[in-house]
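Below is one structure; the comments refer to it alone.
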Amino acid sequence: MHPFFQLLKKIIQTGIGKSRLLMATAGLGIAMVLLLIAIQAHTNFYQLLYGRQNQNESADFLVVNKKITNAMMGQSDKSMFTAEELQTIKQQSFVEAAGYITSSQFKVTAAAPGELQFYTDMFFESVPDSFIDVKNEEWKWQEGDGVIPIILPNDFLNLYNFGFALSQDLPQVSQETVKNLPVKITVSRGLLSSQFTGHIVGFSDRISSFLVPAAFMDWANNRYGNGKAAAPSRIVIKTSDPANPTLVKFLDDHGYTTNQDKIKYSKTKLIVQTIVSVIGFFGIVLLLFALLVFSMFIQLIIASCKKEIQLLVMLGTAPAQLRRYLLRQFVPLYVVTGIVAVLLVAVLQWVAARALAAHEMVVSPWPGIGMWIAAAVVLLLVYFVNNRTIRKYLD
């Protein structure tokens with residue numbers, strides 16, 4: 001059989017032009033590289049946004065309130081959230097949990113001891129414990145306790161240290177010092193008042209408010225409030241992606257607002273997603289053209305050797321034997337092309353991982369499973385198209 005295959009090889013080679021073969025192979029290679037880069041870029045993008053090593057816990061919680069407009073001034077009820085609005089927010093796919101922020105309905109004053117000479121009117125708020133980023137065993141209160149645990153926002157301490165203290169020639173204080181300072185807290189409404197000792201148990205980057213336990217807030221609002229449950233004006237939501245364009249659009253459509261620093265990357269994310277999609281689209285289009293070129297290339301080979309192939313069939317050569325030979329000529333070619341494309345993407349991924357690591361962004365240095373599956377699918381698709389084309393013109 002060896003001389004027979006030598007004869008087949010000479011006949012087939014007469015119909016193969018090197019330039020046409022190079023063009024078809026290059027088209028398939030470029031298409032595979034673009035498609036695999038798009039898939040791997042999507043994997044990297046997902047790791048950057050949702051990977052545990054890249055997540056910033058404080059960015060997972062957003063405090064949402066309604067935008068205050070001139071038409072709403074003097075109508076505080078329009079800035080409140082209803083139970084139906086909270087339910088609508090909870091039903092959104094990007095919201096993992098949501099809860100009310102309860103405000104105090106009484107007057108609060110705080111006075112610092114010693115030389116600090118600090119006295120101010122303030123307010124308290126409370127949120128469900130699951131939304132608080134400070135974990136402390138002292139974060140509890142029951143009726144009769146004279147000490148109120150308080151969580152301060154980090155921004156408040158910074159404003160005091162680098163604004164008020166410097167301008168008033170007062171000593172700056174550390175977090176440890178503040179935690180050890182007893183603060184005189186007075187809560188009142190009209191002639192009714194009570195005094196407590198405030199104990200700072202932690203500082204929060206998540207919620208910029210003076211937080212007290214929900215148990216104290218409920219008791220104090222019942223005792224010193226107006227006796228009515230006030231609708232909340234702020235809601236805290238937990239989301240896995242604060243920069244989700246769908247979340248940003250939802251807030252804009254409903255007239256809600258939040259800390260813009262946490263959602264400012266939504267436009268950037270949308271742009272990157274668009275670029276990745278465009279690359280993937282061009283990769284698919286080029287892949288289709290590459291399949292078409294390969295199909296036409298095989299047709300051209302068969303047409304150019306039509307007389308020789310007919311003669312071989314008349315001499316007793318089975319069409320199936322010719323099909324197997326032609327497939328053996330092309331299968332190694334596009335398998336090697338696929339391997340080269342995968343290796344090139346793997347090298348690019350390693351380089352990208354190193355470059356991102358220099359900016360404290362972590363992605364895997366190895367291509368994701370999606371890229372390997374895509375490469376295998378593309379090779380199987382090329383094999384299917386070639387096999388079908390050869391069967392069509394040799395049967």
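Here's how to read the names in the structure tokens: chain A, B, ... by the order shown, residue numbers from 1 in each chain, ligand numbers from 1 in the order shown.
Near range 98-106 of chain A, within 7 Å and counting only C-alpha atoms, sit A:Lys90, A:Phe123, A:Phe124, A:Glu125, A:Ser126, A:Val127, A:Pro128, A:Val187, A:Ser188, A:Arg189, A:Met217, A:Asn221, A:Tyr224, A:Gly225, A:Pro232, A:Arg234, A:Ile235, A:Val236, A:Ile237, A:Lys238, not including residues fewer than 5 positions from it in the same chain.
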Keeping only N, CA and C atoms, take the residues you just selected and write them out as a PDB file, in the first residue's frame.
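See again04.pdb below for the written result:
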ATOM      1  N   LYS A  90     -35.356  44.662  47.270  1.00  0.00           N
ATOM      2  CA  LYS A  90     -34.928  43.314  47.648  1.00  0.00           C
ATOM      3  C   LYS A  90     -35.076  42.320  46.501  1.00  0.00           C
ATOM      4  N   PHE A 123     -26.816  62.786  66.443  1.00  0.00           N
ATOM      5  CA  PHE A 123     -27.971  61.910  66.252  1.00  0.00           C
ATOM      6  C   PHE A 123     -27.471  60.469  66.244  1.00  0.00           C
ATOM      7  N   PHE A 124     -28.359  59.542  66.497  1.00  0.00           N
ATOM      8  CA  PHE A 124     -28.040  58.122  66.458  1.00  0.00           C
ATOM      9  C   PHE A 124     -28.822  57.445  65.342  1.00  0.00           C
ATOM     10  N   GLU A 125     -28.243  56.377  64.827  1.00  0.00           N
ATOM     11  CA  GLU A 125     -28.926  55.501  63.886  1.00  0.00           C
ATOM     12  C   GLU A 125     -28.601  54.062  64.245  1.00  0.00           C
ATOM     13  N   SER A 126     -29.415  53.149  63.779  1.00  0.00           N
ATOM     14  CA  SER A 126     -29.152  51.733  63.992  1.00  0.00           C
ATOM     15  C   SER A 126     -29.466  50.969  62.712  1.00  0.00           C
ATOM     16  N   VAL A 127     -28.761  49.863  62.526  1.00  0.00           N
ATOM     17  CA  VAL A 127     -28.979  48.982  61.383  1.00  0.00           C
ATOM     18  C   VAL A 127     -28.963  47.548  61.897  1.00  0.00           C
ATOM     19  N   PRO A 128     -29.525  46.618  61.144  1.00  0.00           N
ATOM     20  CA  PRO A 128     -29.417  45.213  61.549  1.00  0.00           C
ATOM     21  C   PRO A 128     -27.947  44.805  61.695  1.00  0.00           C
ATOM     22  N   VAL A 187     -29.816  61.993  76.205  1.00  0.00           N
ATOM     23  CA  VAL A 187     -30.929  61.858  75.264  1.00  0.00           C
ATOM     24  C   VAL A 187     -32.135  62.526  75.889  1.00  0.00           C
ATOM     25  N   SER A 188     -32.902  63.254  75.101  1.00  0.00           N
ATOM     26  CA  SER A 188     -34.016  64.014  75.673  1.00  0.00           C
ATOM     27  C   SER A 188     -35.074  64.306  74.625  1.00  0.00           C
ATOM     28  N   ARG A 189     -36.235  64.633  75.154  1.00  0.00           N
ATOM     29  CA  ARG A 189     -37.324  65.163  74.334  1.00  0.00           C
ATOM     30  C   ARG A 189     -38.173  66.027  75.250  1.00  0.00           C
ATOM     31  N   MET A 217     -32.049  51.698  70.287  1.00  0.00           N
ATOM     32  CA  MET A 217     -32.807  52.610  69.426  1.00  0.00           C
ATOM     33  C   MET A 217     -34.310  52.389  69.587  1.00  0.00           C
ATOM     34  N   ASN A 221     -36.602  55.342  71.133  1.00  0.00           N
ATOM     35  CA  ASN A 221     -37.647  55.924  70.286  1.00  0.00           C
ATOM     36  C   ASN A 221     -39.017  55.763  70.928  1.00  0.00           C
ATOM     37  N   TYR A 224     -38.659  58.336  74.156  1.00  0.00           N
ATOM     38  CA  TYR A 224     -38.413  59.753  73.908  1.00  0.00           C
ATOM     39  C   TYR A 224     -38.901  60.208  72.520  1.00  0.00           C
ATOM     40  N   GLY A 225     -39.391  59.278  71.739  1.00  0.00           N
ATOM     41  CA  GLY A 225     -39.867  59.643  70.414  1.00  0.00           C
ATOM     42  C   GLY A 225     -41.309  60.110  70.448  1.00  0.00           C
ATOM     43  N   PRO A 232     -38.195  54.941  57.165  1.00  0.00           N
ATOM     44  CA  PRO A 232     -36.754  55.208  57.031  1.00  0.00           C
ATOM     45  C   PRO A 232     -36.457  56.061  55.812  1.00  0.00           C
ATOM     46  N   ARG A 234     -33.168  56.093  54.718  1.00  0.00           N
ATOM     47  CA  ARG A 234     -31.980  55.475  54.126  1.00  0.00           C
ATOM     48  C   ARG A 234     -32.088  53.958  54.236  1.00  0.00           C
ATOM     49  N   ILE A 235     -31.526  53.294  53.237  1.00  0.00           N
ATOM     50  CA  ILE A 235     -31.533  51.830  53.182  1.00  0.00           C
ATOM     51  C   ILE A 235     -30.115  51.366  52.897  1.00  0.00           C
ATOM     52  N   VAL A 236     -29.697  50.303  53.542  1.00  0.00           N
ATOM     53  CA  VAL A 236     -28.392  49.707  53.261  1.00  0.00           C
ATOM     54  C   VAL A 236     -28.627  48.407  52.497  1.00  0.00           C
ATOM     55  N   ILE A 237     -27.901  48.234  51.416  1.00  0.00           N
ATOM     56  CA  ILE A 237     -28.037  47.022  50.606  1.00  0.00           C
ATOM     57  C   ILE A 237     -26.681  46.338  50.482  1.00  0.00           C
ATOM     58  N   LYS A 238     -26.723  45.038  50.408  1.00  0.00           N
ATOM     59  CA  LYS A 238     -25.529  44.236  50.188  1.00  0.00           C
ATOM     60  C   LYS A 238     -25.553  43.749  48.751  1.00  0.00           C
TER      61      LYS A 238
END
Hey, could you make a per-residue contact list for range 162-210 of chain A against range 251-260 of chain A with 12 Å as the cut-off, showing the nearest pair of atoms and its distance in Å to one decimal, counting only C-alpha atoms, sorted by chain and number, as a tab-separated table?
residue	atom	partner	partner_atom	distance
A:Arg206	CA	A:Asn259	CA	10.5
A:Ile207	CA	A:Asn259	CA	10.3
A:Ser208	CA	A:Asn259	CA	10.3
> If you count only C-alpha atoms, which residues fall within 9 Å of range 25-35 of chain A, apart from same-chain ones fewer than 3 positions away, as a PyMOL selection string?
Replying inline: chain A and resi 20-22+38-40+279-291+293-294+333-334+337-338+340-342+344-345+371+374-375+378
> Can you list every residue in range 219-278 of chain A that DSSP puts in strand (DSSP E), as a VMD selection string?
Replying inline: chain A and resid 234 to 238 256 to 257
How would the residues just chosen look if you wrote them out with N, CA and C atoms as a compact mmCIF listing (two decimals), in the first residue's frame?
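What landed in part05.txt:
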# COMPACT_ATOMS: atom_id res chain seq x y z
N ARG A 234 -33.17 56.09 54.72
CA ARG A 234 -31.98 55.47 54.13
C ARG A 234 -32.09 53.96 54.24
N ILE A 235 -31.53 53.29 53.24
CA ILE A 235 -31.53 51.83 53.18
C ILE A 235 -30.11 51.37 52.90
N VAL A 236 -29.70 50.30 53.54
CA VAL A 236 -28.39 49.71 53.26
C VAL A 236 -28.63 48.41 52.50
N ILE A 237 -27.90 48.23 51.42
CA ILE A 237 -28.04 47.02 50.61
C ILE A 237 -26.68 46.34 50.48
N LYS A 238 -26.72 45.04 50.41
CA LYS A 238 -25.53 44.24 50.19
C LYS A 238 -25.55 43.75 48.75
N TYR A 256 -32.73 57.35 43.11
CA TYR A 256 -31.96 57.03 44.30
C TYR A 256 -30.50 57.43 44.09
N THR A 257 -29.79 57.60 45.18
CA THR A 257 -28.36 57.93 45.08
C THR A 257 -27.61 57.23 46.20
> So what do you get for CA of Val63 in chain A versus CA of Leu247 in chain A, distance-wise?
Replying inline: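 Result for CA of Val63 in chain A versus CA of Leu247 in chain A: 13.0 Å, one decimal.
Using only C-alpha atoms, the smallest distance between any of A:Ala353, A:Ala320, A:Val173, A:Leu192 and Lys107 in chain A comes from A:Leu192.
Distance-wise, CA of Leu379 in chain A and CA of Phe330 in chain A end up 11.6 Å apart.
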> Which parts of range 67-292 of chain A does DSSP call helix (DSSP H, G or I) when run on the backbone here, written out as a ChimeraX atom specification?
Replying inline: /A:70-72,76-79,83-90,114-116,129-131,154-167,175-180,214-224,245-253,260-263,266-292
>> Could you tell me how far CA of Trp372 in chain A sits from CA of Arg324 in chain A, in Å to one decimal place?
In response: 26.9 Å
>> Considering only C-alpha atoms, can you say which of A:Asn154, A:Pro245, A:Gln321, A:Leu166 comes closest to Ile271 in chain A?
In response: A:Pro245
> Which of these residues is nearest to Leu62 in chain A, using only C-alpha atoms: A:Ile200, A:Lys78, A:Ser240, A:Asp145?
Replying inline: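 The closest residue to Leu62 in chain A is A:Ser240.
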> Which residues, written as a ChimeraX atom specification, have at least one atom at most 10 Å from Thr246 in chain A, with only C-alpha atoms counted and residues fewer than 4 positions away on the same chain left out?
Replying inline: /A:92-94,242,250-252,266
> What's the 12 Å shell around Ile185 in chain A, counting only C-alpha atoms, without same-chain residues fewer than 2 positions away, as number ranges by chain?
Replying inline: A: 107-113, 119-124, 146-150, 182-183, 187-188, 193-200, 212
> So which residues touch Thr239 in chain A within 6 Å, counting only C-alpha atoms, skipping near sequence neighbours fewer than 3 positions away, as an MDAnalysis selection string?
Replying inline: chainID A and resid 60 94:96
